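Structure file data.csv (CSV, C-alpha atoms) follows.
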chain,number,residue,atom,x,y,z
B,1033,MET,CA,0.0,0.0,0.0
B,1034,ASN,CA,1.2,3.6,-0.7
B,1035,LYS,CA,3.0,4.9,2.3
B,1036,SER,CA,1.3,8.4,2.1
B,1037,LEU,CA,-2.1,6.6,2.0
B,1038,VAL,CA,-1.2,4.6,5.1
B,1039,LYS,CA,-0.1,7.7,6.9
B,1040,SER,CA,-3.3,9.6,5.9
B,1041,SER,CA,-5.4,6.7,7.2
B,1042,HIS,CA,-3.6,6.5,10.5
B,1043,LEU,CA,-3.9,10.3,11.0
B,1044,LEU,CA,-7.6,10.2,10.3
B,1045,LYS,CA,-8.1,7.4,12.9
B,1046,GLN,CA,-6.2,9.5,15.5
B,1047,MET,CA,-8.5,12.5,14.8
B,1048,THR,CA,-11.6,10.3,15.1
B,1049,VAL,CA,-10.4,9.1,18.6
B,1050,VAL,CA,-9.7,12.6,19.8
B,1051,CYS,CA,-12.9,14.1,18.6
B,1052,SER,CA,-15.0,11.2,19.8
B,1053,ARG,CA,-13.6,11.8,23.3
B,1054,SER,CA,-14.4,15.5,23.1
B,1055,LEU,CA,-18.1,14.7,22.3
B,1056,SER,CA,-18.4,11.8,24.7
B,1057,SER,CA,-20.1,11.8,28.1
B,1058,ASP,CA,-16.7,11.1,29.8
B,1059,VAL,CA,-16.0,14.6,31.1
B,1060,PHE,CA,-12.8,14.7,33.2
B,1061,THR,CA,-13.5,17.4,35.8
B,1062,THR,CA,-12.4,18.0,39.3
B,1063,LYS,CA,-15.0,17.5,42.1
B,1064,TYR,CA,-14.7,18.5,45.8
B,1065,GLY,CA,-17.4,17.3,48.2
B,1066,GLY,CA,-19.7,16.3,45.4
B,1067,LYS,CA,-19.4,19.7,43.7
B,1068,ASN,CA,-17.8,20.4,40.3
B,1069,ARG,CA,-14.9,22.8,40.6
B,1070,VAL,CA,-15.0,25.5,37.8
B,1071,LEU,CA,-12.5,28.3,37.1
B,1072,LEU,CA,-14.2,31.7,36.8
B,1073,ILE,CA,-12.5,34.6,35.1
B,1074,PRO,CA,-14.5,37.9,35.2
B,1075,GLY,CA,-12.6,39.6,32.4
B,1076,ASP,CA,-13.2,43.2,31.3
B,1077,GLY,CA,-16.2,45.5,30.7
B,1078,VAL,CA,-19.5,43.9,31.8
B,1079,GLY,CA,-17.7,40.6,32.5
B,1080,PRO,CA,-17.6,41.0,36.3
B,1081,GLU,CA,-21.3,42.0,36.3
B,1082,MET,CA,-22.3,39.0,34.1
B,1083,MET,CA,-20.3,36.6,36.3
B,1084,PHE,CA,-22.1,37.9,39.4
B,1085,HIS,CA,-25.4,37.0,37.6
B,1086,VAL,CA,-24.0,33.6,36.6
B,1087,LYS,CA,-23.2,32.8,40.2
B,1088,GLU,CA,-26.6,33.9,41.5
B,1089,THR,CA,-28.4,32.0,38.8
B,1090,LEU,CA,-26.5,28.7,39.5
B,1091,ARG,CA,-27.1,29.3,43.2
B,1092,ALA,CA,-30.9,29.6,42.6
B,1093,ALA,CA,-30.8,26.5,40.4
B,1094,ARG,CA,-28.9,24.7,43.2
B,1095,ALA,CA,-26.3,23.5,40.8
B,1096,PRO,CA,-23.5,21.6,42.5
B,1097,ILE,CA,-20.8,24.1,41.4
B,1098,GLU,CA,-17.9,25.6,43.3
B,1099,PHE,CA,-16.0,28.4,41.7
B,1100,GLU,CA,-12.3,29.1,41.8
B,1101,GLU,CA,-11.8,32.7,40.7
B,1102,ILE,CA,-8.8,34.3,39.1
B,1103,ASN,CA,-9.1,38.1,38.5
B,1104,LEU,CA,-7.5,38.0,35.0
B,1105,ASN,CA,-8.2,41.0,32.8
B,1106,SER,CA,-6.5,43.5,30.5
B,1107,LYS,CA,-5.0,45.4,33.5
B,1108,THR,CA,-3.9,42.5,35.6
B,1109,ALA,CA,-2.7,40.2,32.9
B,1110,THR,CA,0.9,39.1,33.5
B,1111,ASP,CA,2.7,36.0,32.3
B,1112,SER,CA,2.5,34.6,35.8
B,1113,LEU,CA,-1.3,35.1,36.2
B,1114,ILE,CA,-1.9,33.7,32.7
B,1115,ASP,CA,0.1,30.6,33.8
B,1116,GLN,CA,-2.0,30.3,36.9
B,1117,ALA,CA,-5.2,30.5,34.8
B,1118,VAL,CA,-3.9,27.8,32.4
B,1119,LEU,CA,-3.0,25.5,35.3
B,1120,ALA,CA,-6.4,26.1,36.9
B,1121,VAL,CA,-8.3,25.2,33.8
B,1122,LYS,CA,-6.2,22.0,33.4
B,1123,ARG,CA,-6.8,21.1,37.0
B,1124,ASN,CA,-10.5,21.8,37.0
B,1125,GLY,CA,-11.3,20.8,33.4
B,1126,VAL,CA,-13.8,23.6,33.0
B,1127,CYS,CA,-13.8,27.5,32.9
B,1128,ILE,CA,-16.3,30.2,32.4
B,1129,LYS,CA,-15.0,33.7,31.5
B,1130,GLY,CA,-15.7,37.2,30.4
B,1131,ASN,CA,-13.8,38.6,27.5
B,1132,ILE,CA,-10.4,40.0,28.1
B,1133,GLU,CA,-9.6,43.1,26.0
B,1134,THR,CA,-6.5,43.5,23.9
B,1135,ASP,CA,-4.6,46.8,23.4
B,1136,HIS,CA,-4.9,47.3,19.6
B,1137,ASN,CA,-2.6,50.3,19.7
B,1138,ASN,CA,0.4,48.3,21.0
B,1139,PRO,CA,1.9,46.2,18.3
B,1140,THR,CA,3.6,43.9,20.8
B,1141,SER,CA,0.4,43.3,22.8
B,1142,GLN,CA,-0.8,39.6,22.6
B,1143,SER,CA,-4.4,38.6,23.0
B,1144,VAL,CA,-4.9,36.8,26.3
B,1145,ASN,CA,-8.0,35.1,24.9
B,1146,VAL,CA,-6.0,33.6,22.0
B,1147,SER,CA,-3.2,32.6,24.3
B,1148,LEU,CA,-5.6,30.6,26.5
B,1149,ARG,CA,-7.2,28.9,23.5
B,1150,GLN,CA,-3.8,27.9,22.1
B,1151,ARG,CA,-2.1,26.8,25.3
B,1152,LEU,CA,-5.2,24.7,26.3
B,1153,ASP,CA,-5.6,23.5,22.7
B,1154,LEU,CA,-9.3,24.5,22.7
B,1155,TYR,CA,-9.5,23.7,19.1
B,1156,ALA,CA,-13.3,23.8,18.5
B,1157,ASN,CA,-15.4,26.9,19.1
B,1158,VAL,CA,-19.1,26.3,18.9
B,1159,VAL,CA,-21.8,29.0,18.6
B,1160,ARG,CA,-25.4,28.2,18.3
B,1161,CYS,CA,-27.7,30.9,16.9
B,1162,LYS,CA,-31.3,29.9,17.5
B,1163,SER,CA,-34.4,32.2,17.2
B,1164,ILE,CA,-36.1,33.1,20.5
B,1165,PRO,CA,-39.8,33.7,20.5
B,1166,ASN,CA,-40.9,37.3,21.1
B,1167,VAL,CA,-37.6,38.7,19.8
B,1168,LYS,CA,-38.4,40.5,16.6
B,1169,THR,CA,-36.0,39.9,13.7
B,1170,ARG,CA,-36.0,39.9,9.9
B,1171,HIS,CA,-35.8,36.1,9.8
B,1172,ASP,CA,-37.6,33.5,12.0
B,1173,ASN,CA,-37.1,29.9,12.8
B,1174,LEU,CA,-33.3,29.9,12.6
B,1175,ASP,CA,-31.1,27.3,14.3
B,1176,ILE,CA,-27.6,27.5,13.0
B,1177,LEU,CA,-24.5,25.8,14.5
B,1178,ILE,CA,-21.3,27.6,13.7
B,1179,ILE,CA,-18.1,25.5,14.3
B,1180,ARG,CA,-14.9,27.3,14.1
B,1181,GLU,CA,-11.3,26.1,14.1
B,1182,ASN,CA,-10.0,27.9,17.2
B,1183,THR,CA,-6.2,27.6,17.3
B,1184,GLU,CA,-4.6,28.5,14.0
B,1185,GLY,CA,-5.4,30.4,10.8
B,1186,GLU,CA,-5.0,34.1,11.0
B,1187,TYR,CA,-5.0,34.0,14.8
B,1188,SER,CA,-1.5,32.5,14.9
B,1189,ASN,CA,0.1,35.8,16.3
B,1190,LEU,CA,2.7,35.7,13.5
B,1191,GLU,CA,3.1,39.2,12.2
B,1192,HIS,CA,6.2,41.2,11.4
B,1193,GLU,CA,7.2,44.4,9.5
B,1194,SER,CA,9.7,43.1,7.0
B,1195,VAL,CA,10.6,46.7,5.9
B,1196,SER,CA,9.2,50.0,7.0
B,1197,GLY,CA,5.6,50.2,5.9
B,1198,VAL,CA,5.3,46.6,4.8
B,1199,VAL,CA,3.7,44.1,7.2
B,1200,GLU,CA,3.4,40.4,6.7
B,1201,SER,CA,0.7,38.4,8.6
B,1202,LEU,CA,1.1,34.6,8.4
B,1203,LYS,CA,-2.0,32.4,8.1
B,1204,ILE,CA,-1.3,28.8,9.3
B,1205,ILE,CA,-3.5,26.0,8.0
B,1206,THR,CA,-2.5,22.4,8.9
B,1207,ARG,CA,-3.9,19.2,7.6
B,1208,GLU,CA,-3.9,17.7,11.1
B,1209,LYS,CA,-6.0,20.5,12.6
B,1210,SER,CA,-8.3,20.8,9.6
B,1211,LEU,CA,-9.1,17.1,9.8
B,1212,ARG,CA,-9.7,17.4,13.5
B,1213,ILE,CA,-12.2,20.3,13.3
B,1214,ALA,CA,-14.0,18.6,10.3
B,1215,GLU,CA,-14.3,15.4,12.3
B,1216,PHE,CA,-15.7,17.4,15.3
B,1217,ALA,CA,-18.2,19.1,13.0
B,1218,PHE,CA,-19.6,15.9,11.5
B,1219,GLU,CA,-19.5,14.1,14.8
B,1220,LYS,CA,-21.5,16.9,16.4
B,1221,ALA,CA,-23.9,17.0,13.5
B,1222,GLN,CA,-24.5,13.3,13.8
B,1223,LYS,CA,-24.9,13.4,17.6
B,1224,ASP,CA,-27.4,16.3,17.4
B,1225,GLY,CA,-29.4,14.8,14.6
B,1226,ARG,CA,-28.6,17.5,12.1
B,1227,LYS,CA,-28.8,16.9,8.4
B,1228,LYS,CA,-26.2,19.1,6.6
B,1229,VAL,CA,-22.7,20.5,7.1
B,1230,THR,CA,-21.5,23.5,5.1
B,1231,ALA,CA,-17.7,24.1,4.8
B,1232,VAL,CA,-17.0,27.8,4.4
B,1233,HIS,CA,-13.8,28.8,2.6
B,1234,LYS,CA,-11.9,31.1,0.2
B,1235,ALA,CA,-10.1,28.3,-1.7
B,1236,ASN,CA,-10.6,30.1,-5.0
B,1237,ILE,CA,-8.0,32.6,-3.9
B,1238,MET,CA,-6.0,30.9,-1.1
B,1239,LYS,CA,-5.7,27.6,-3.0
B,1240,LEU,CA,-3.1,26.0,-0.7
B,1241,GLY,CA,-4.3,27.0,2.7
B,1242,ASP,CA,-8.1,27.0,2.3
B,1243,GLY,CA,-7.7,24.4,-0.3
B,1244,GLN,CA,-6.2,22.1,2.3
B,1245,PHE,CA,-9.0,22.9,4.7
B,1246,LEU,CA,-11.6,22.1,2.1
B,1247,ALA,CA,-9.9,18.9,1.1
B,1248,SER,CA,-9.8,17.8,4.7
B,1249,CYS,CA,-13.5,18.5,5.1
B,1250,ARG,CA,-14.3,16.5,1.9
B,1251,GLU,CA,-12.2,13.6,3.2
B,1252,VAL,CA,-14.1,13.4,6.5
B,1253,ALA,CA,-17.5,13.9,4.8
B,1254,GLN,CA,-17.1,10.7,2.9
B,1255,ARG,CA,-17.4,8.7,6.1
B,1256,TYR,CA,-20.8,10.4,7.0
B,1257,PRO,CA,-23.0,9.5,4.0
B,1258,ASP,CA,-26.2,10.3,5.9
B,1259,ILE,CA,-25.2,13.9,6.3
B,1260,LYS,CA,-25.4,16.2,3.3
B,1261,PHE,CA,-22.1,18.1,2.6
B,1262,GLU,CA,-21.7,21.3,0.7
B,1263,THR,CA,-19.1,24.0,0.3
B,1264,MET,CA,-19.5,27.7,0.0
B,1265,ILE,CA,-17.1,30.6,-0.5
B,1266,VAL,CA,-17.1,32.9,2.5
B,1267,ASP,CA,-18.3,36.1,0.7
B,1268,ASN,CA,-21.2,34.3,-0.8
B,1269,THR,CA,-21.9,32.8,2.6
B,1270,CYS,CA,-22.4,36.2,4.2
B,1271,MET,CA,-24.8,37.2,1.4
B,1272,GLN,CA,-26.8,34.0,1.8
B,1273,LEU,CA,-26.9,34.4,5.5
B,1274,VAL,CA,-28.6,37.8,5.4
B,1275,SER,CA,-31.0,36.8,2.5
B,1276,LYS,CA,-31.8,33.1,3.0
B,1277,PRO,CA,-30.3,32.0,6.4
B,1278,GLN,CA,-32.8,29.1,6.8
B,1279,GLN,CA,-30.7,27.0,4.3
B,1280,PHE,CA,-27.9,26.6,6.9
B,1281,ASP,CA,-27.7,23.9,9.5
B,1282,VAL,CA,-24.1,23.2,10.7
B,1283,MET,CA,-21.3,25.4,9.4
B,1284,VAL,CA,-17.6,24.6,9.7
B,1285,MET,CA,-14.8,27.0,8.9
B,1286,PRO,CA,-11.3,28.3,9.6
B,1287,ASN,CA,-10.7,30.7,12.5
B,1288,LEU,CA,-11.2,34.2,11.0
B,1289,TYR,CA,-14.3,33.3,8.9
B,1290,GLY,CA,-15.8,31.7,12.0
B,1291,ASN,CA,-15.4,35.0,13.9
B,1292,ILE,CA,-17.2,37.0,11.2
B,1293,VAL,CA,-19.9,34.4,10.4
B,1294,ALA,CA,-20.8,33.9,14.1
B,1295,ASN,CA,-21.3,37.7,14.6
B,1296,VAL,CA,-23.5,37.9,11.5
B,1297,CYS,CA,-25.6,35.0,12.8
B,1298,ALA,CA,-25.8,36.6,16.2
B,1299,GLY,CA,-27.2,39.7,14.5
B,1300,LEU,CA,-29.8,37.6,12.7
B,1301,ILE,CA,-31.4,36.3,15.9
B,1302,GLY,CA,-31.3,39.6,17.9
B,1303,GLY,CA,-27.7,40.5,18.8
B,1304,ALA,CA,-24.7,39.8,20.8
B,1305,GLY,CA,-26.6,39.7,24.1
B,1306,LEU,CA,-28.4,36.5,23.2
B,1307,VAL,CA,-25.5,34.2,22.0
B,1308,ALA,CA,-23.3,31.8,24.0
B,1309,GLY,CA,-20.0,30.4,23.0
B,1310,SER,CA,-18.3,27.1,23.9
B,1311,ASN,CA,-14.7,26.1,23.4
B,1312,TYR,CA,-13.7,22.4,23.5
B,1313,GLY,CA,-10.4,20.6,23.7
B,1314,LYS,CA,-9.3,17.2,24.9
B,1315,ASN,CA,-10.7,16.9,28.5
B,1316,VAL,CA,-11.1,20.7,28.9
B,1317,ALA,CA,-13.8,23.2,28.0
B,1318,LEU,CA,-14.2,27.0,28.3
B,1319,PHE,CA,-17.5,28.8,28.1
B,1320,GLU,CA,-18.0,32.5,27.3
B,1321,SER,CA,-20.2,34.9,25.3
B,1322,GLY,CA,-20.7,33.9,21.6
B,1323,THR,CA,-19.4,37.1,20.1
B,1324,ARG,CA,-16.5,37.6,22.6
B,1325,ASN,CA,-17.4,41.2,23.3
B,1326,SER,CA,-16.4,42.8,26.5
B,1327,GLY,CA,-19.3,45.3,26.5
B,1328,ARG,CA,-17.2,48.1,28.0
B,1329,GLY,CA,-19.7,50.7,26.6
B,1330,VAL,CA,-22.5,49.5,28.9
B,1331,ALA,CA,-20.4,48.5,31.9
B,1332,GLY,CA,-21.8,49.7,35.2
B,1333,GLN,CA,-25.1,51.0,33.6
B,1334,ASN,CA,-27.3,48.1,34.6
B,1335,SER,CA,-28.5,47.8,31.0
B,1336,ALA,CA,-26.5,44.8,29.5
B,1337,ASN,CA,-28.4,41.7,28.4
B,1338,PRO,CA,-27.2,38.8,30.5
B,1339,SER,CA,-28.9,36.1,28.4
B,1340,GLY,CA,-25.9,35.1,26.4
B,1341,MET,CA,-23.7,34.5,29.4
B,1342,LEU,CA,-26.5,32.7,31.2
B,1343,PHE,CA,-27.0,30.5,28.1
B,1344,SER,CA,-23.2,29.9,28.3
B,1345,ALA,CA,-23.6,28.8,32.0
B,1346,ALA,CA,-26.4,26.5,30.9
B,1347,ASN,CA,-24.1,24.9,28.3
B,1348,MET,CA,-21.5,24.5,31.0
B,1349,LEU,CA,-24.0,22.6,33.2
B,1350,ARG,CA,-24.9,20.3,30.3
B,1351,TYR,CA,-21.2,19.6,29.6
B,1352,LEU,CA,-20.8,18.6,33.3
B,1353,GLY,CA,-23.7,16.2,33.0
B,1354,LEU,CA,-26.1,18.4,34.9
B,1355,ASP,CA,-28.8,18.3,32.3
B,1356,GLN,CA,-31.8,19.1,34.5
B,1357,HIS,CA,-30.1,22.1,36.0
B,1358,SER,CA,-29.1,23.2,32.5
B,1359,SER,CA,-32.7,22.9,31.2
B,1360,VAL,CA,-34.1,24.9,34.2
B,1361,VAL,CA,-31.7,27.8,33.6
B,1362,ARG,CA,-32.2,27.8,29.8
B,1363,ASN,CA,-36.0,27.7,30.1
B,1364,ALA,CA,-36.0,30.5,32.7
B,1365,ILE,CA,-34.2,32.8,30.2
B,1366,ILE,CA,-36.5,31.9,27.3
B,1367,ASN,CA,-39.7,32.1,29.4
B,1368,THR,CA,-38.6,35.5,30.8
B,1369,ILE,CA,-38.3,36.8,27.2
B,1370,SER,CA,-41.1,35.0,25.4
B,1371,GLN,CA,-43.8,34.5,28.0
B,1372,ARG,CA,-43.2,37.3,30.5
B,1373,ASN,CA,-42.3,39.8,27.8
B,1374,VAL,CA,-39.4,41.1,29.9
B,1375,LYS,CA,-36.6,42.3,27.5
B,1376,THR,CA,-33.6,44.4,27.8
B,1377,VAL,CA,-33.1,47.5,25.6
B,1378,ASP,CA,-30.9,45.7,23.0
B,1379,ILE,CA,-33.8,43.4,22.0
B,1380,GLY,CA,-36.6,46.0,22.0
B,1381,GLY,CA,-37.5,46.1,25.7
B,1382,THR,CA,-37.2,48.5,28.6
B,1383,ALA,CA,-36.0,46.2,31.4
B,1384,SER,CA,-32.7,46.9,33.2
B,1385,THR,CA,-30.3,44.0,33.8
B,1386,SER,CA,-31.4,43.7,37.4
B,1387,GLU,CA,-35.1,43.7,36.4
B,1388,PHE,CA,-34.5,41.0,33.8
B,1389,MET,CA,-32.5,38.9,36.4
B,1390,LYS,CA,-35.3,39.2,38.9
B,1391,HIS,CA,-37.7,37.5,36.5
B,1392,VAL,CA,-35.1,34.8,35.5
B,1393,LEU,CA,-34.5,34.0,39.2
B,1394,ASP,CA,-38.3,33.8,39.8
B,1395,GLU,CA,-38.7,31.4,36.9
B,1396,ILE,CA,-35.9,29.3,38.3
B,1397,HIS,CA,-37.4,29.2,41.8
B,1398,GLN,CA,-40.7,28.1,40.3
B,1399,HIS,CA,-39.1,25.1,38.5
B,1400,THR,CA,-36.2,24.0,40.7
B,1401,PRO,CA,-38.5,21.5,42.5
B,1402,GLU,CA,-38.7,19.6,39.2
B,1403,ILE,CA,-35.0,18.6,39.6
B,1404,ASP,CA,-34.5,15.3,41.2
B,1405,GLY,CA,-31.9,15.0,44.0
B,1406,LEU,CA,-31.1,18.7,44.3
B,1407,SER,CA,-27.9,19.5,46.2
B,1408,LYS,CA,-27.6,22.5,48.5
B,1409,PHE,CA,-25.4,25.3,47.2
Do you think you could lay out the structure here as structure tokens?
Amino acid sequence: MNKSLVKSSHLLKQMTVVCSRSLSSDVFTTKYGGKNRVLLIPGDGVGPEMMFHVKETLRAARAPIEFEEINLNSKTATDSLIDQAVLAVKRNGVCIKGNIETDHNNPTSQSVNVSLRQRLDLYANVVRCKSIPNVKTRHDNLDILIIRENTEGEYSNLEHESVSGVVESLKIITREKSLRIAEFAFEKAQKDGRKKVTAVHKANIMKLGDGQFLASCREVAQRYPDIKFETMIVDNTCMQLVSKPQQFDVMVMPNLYGNIVANVCAGLIGGAGLVAGSNYGKNVALFESGTRNSGRGVAGQNSANPSGMLFSAANMLRYLGLDQHSSVVRNAIINTISQRNVKTVDIGGTASTSEFMKHVLDEIHQHTPEIDGLSKF
């Protein structure tokens, strides 16, 4: 047999094992006294406020969670503190965080968010954009899953000024990581009962880099004959999203495109305040807002929409196997918006953050008796 073919087959098998572990129910997290230990990073902007609401929400739902908190943000970030955060995530297995801002005016400043993803090998970013009843948008009945390669591409932190006025930015696309994210996407689609995966690319221009990503997706797609596979150029994808978004189911793409597409999709269902983001690696997971926005402009004004971060907390609970607690939290958010008609300003309402949270907590208190074997928090 051809040696390159044998090597390719072996690599694909390795990717399958890794991705299957990431999607399995075997979550390796740290427990103390029957509680799941989770690292909490408040971050910048509205992050600390949102984390306060996450804690009071999980307390109301009596979720068996114990937080270890590290005050990592743009002002406190040092190599030592980042090292502590990385070790804490590895030790606990799970983290929930606010966004940490990057100084765009300092060419030597590195993104702490990117550093955490790369050092923890959080290779898969998942953002679900699902329509919520009573949130008025141009398009209804959307349920799109955006899966983004999270550790390479344009986010490789490899830029330099070769001569004055000429900057080179390196985009890294590897076959190994392309196969890995493609396998994750198809495995996720199969597990969730979804019917189609769309690979988003720009291989008509970047024939080697995006061409390799596309070839990897096609290779993996052959082993999932029950899932329809299609490819779409990224610029056409954006046009199709704002005109006929119902055609999309699961979308998989390299890093930068995933950032752009996820934000477009967030806008389609009502904005950044409604969307949660999940990042998965081997035996570790990090949960945050879907659009990774710090919300500095609304910090301290009691006006930010906490839904996205609360949805993220619900995703974290489900990852930890606390499905009933997760459902109670998720339903409380949706019922507050759709049945009680309590909405923050960003989605057409008048409620403050604290008013919105009062209704969410009331919904939780009404439904926590439905959870079997509740633990005290």
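Counting all atoms listed in the file, Ala1231 (chain B) has the following residues at most 8 Å away, ignoring those fewer than 2 positions along the same chain: Val1229, His1233, Leu1246, Cys1249, Phe1261, Glu1262, Thr1263, Met1264, Met1283, Val1284 and Met1285 of chain B.
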(message) Using only C-alpha atoms, can you tell me which of B:Ala1308, B:Val1078, B:Val1146, B:Ala1214 comes closest to Ser1188 (chain B)?
(response)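 Checking each of B:Ala1308, B:Val1078, B:Val1146, B:Ala1214 against Ser1188 (chain B), counting only C-alpha atoms, the winner is B:Val1146.
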Counting all atoms listed in the file, which residues of region 1049-1162 of chain B sit at most 6 Å from some atom of region 1310-1319 of chain B, and what is each one's closest atom pair with its distance in Å to one decimal, listed by chain and rising residue number, as a tab-separated table?
residue	atom	partner	partner_atom	distance
B:Ser1054	CA	B:Lys1314	CA	5.7
B:Phe1060	CA	B:Asn1315	CA	5.6
B:Gly1125	CA	B:Val1316	CA	4.5
B:Val1126	CA	B:Ala1317	CA	5.0
B:Cys1127	CA	B:Leu1318	CA	4.6
B:Ile1128	CA	B:Phe1319	CA	4.7
B:Asp1153	CA	B:Gly1313	CA	5.7
B:Leu1154	CA	B:Gly1313	CA	4.2
B:Tyr1155	CA	B:Gly1313	CA	5.6
B:Ala1156	CA	B:Tyr1312	CA	5.2
B:Asn1157	CA	B:Asn1311	CA	4.4
B:Val1158	CA	B:Ser1310	CA	5.1
(request) Rank nothing, just name the residue among B:Ile1366, B:Leu1342, B:Ile1102, B:Ala1294 nearest to Val1121 (chain B), using only C-alpha atoms. (result)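 Of B:Ile1366, B:Leu1342, B:Ile1102, B:Ala1294, the one nearest Val1121 (chain B) is B:Ile1102, counting only C-alpha atoms.
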(message) I need the residue nearest Val1293 (chain B) from this list: B:Thr1368, B:Gln1333, B:Thr1323, B:Ser1386. Use all atoms listed in the file for the distance.
(response) B:Thr1323
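Distances from B:Arg1372, B:Lys1067, B:His1171, B:Arg1324 to Ala1304 (chain B) were compared using all atoms listed in the file, and the smallest one belongs to B:Arg1324.
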(request) Tell me, in Å to one decimal, how far CA of Gln1244 (chain B) is from CA of Gln1222 (chain B). (result)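 Distance reported for this atom pair: 23.3 Å.
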(request) Just give me the gap between CA of Met1348 (chain B) and CA of Asp1111 (chain B) in Å, one decimal is fine. (result) 26.8 Å
(request) Can you work out which one of B:Arg1350, B:Ser1194, B:Asn1166, B:Asn1337 has the shortest atom-to-atom distance to Phe1388 (chain B), counting only C-alpha atoms? (result)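 Of B:Arg1350, B:Ser1194, B:Asn1166, B:Asn1337, the one nearest Phe1388 (chain B), counting only C-alpha atoms, is B:Asn1337.
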(request) Quick one: pull the distance between CA of Met1082 (chain B) and CA of Ile1097 (chain B), Å, one decimal. (result)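 One can read the CA of Met1082 (chain B) to CA of Ile1097 (chain B) distance as 16.7 Å.
Distances here use only C-alpha atoms; by that measure, the residue among B:His1357, B:Val1232, B:Cys1297, B:Gly1381 closest to Ala1093 (chain B) is B:His1357.
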Could you make a table, as CSV, of the residues of region 1189-1285 of chain B that have an atom within 12 Å of an atom of region 1129-1142 of chain B, each with its nearest atom pair and distance in Å to one decimal, counting only C-alpha atoms, in chain and number order?
residue,atom,partner,partner_atom,distance
B:Asn1189,CA,B:Gln1142,CA,7.4
B:Leu1190,CA,B:Gln1142,CA,10.5
B:Glu1191,CA,B:Pro1139,CA,9.4
B:His1192,CA,B:Pro1139,CA,9.5
B:Glu1193,CA,B:Pro1139,CA,10.4
B:Val1199,CA,B:Pro1139,CA,11.4
(message) So that I can see what lies close to Val1167 (chain B), please list as JSON, numbers by chain the residues with an atom at most 10 Å from it, counting all atoms listed in the file and leaving out residues fewer than 2 positions away in the same chain.
(response) {"B": [1163, 1164, 1165, 1169, 1172, 1301, 1302, 1369, 1370, 1373, 1375, 1379, 1380, 1381]}
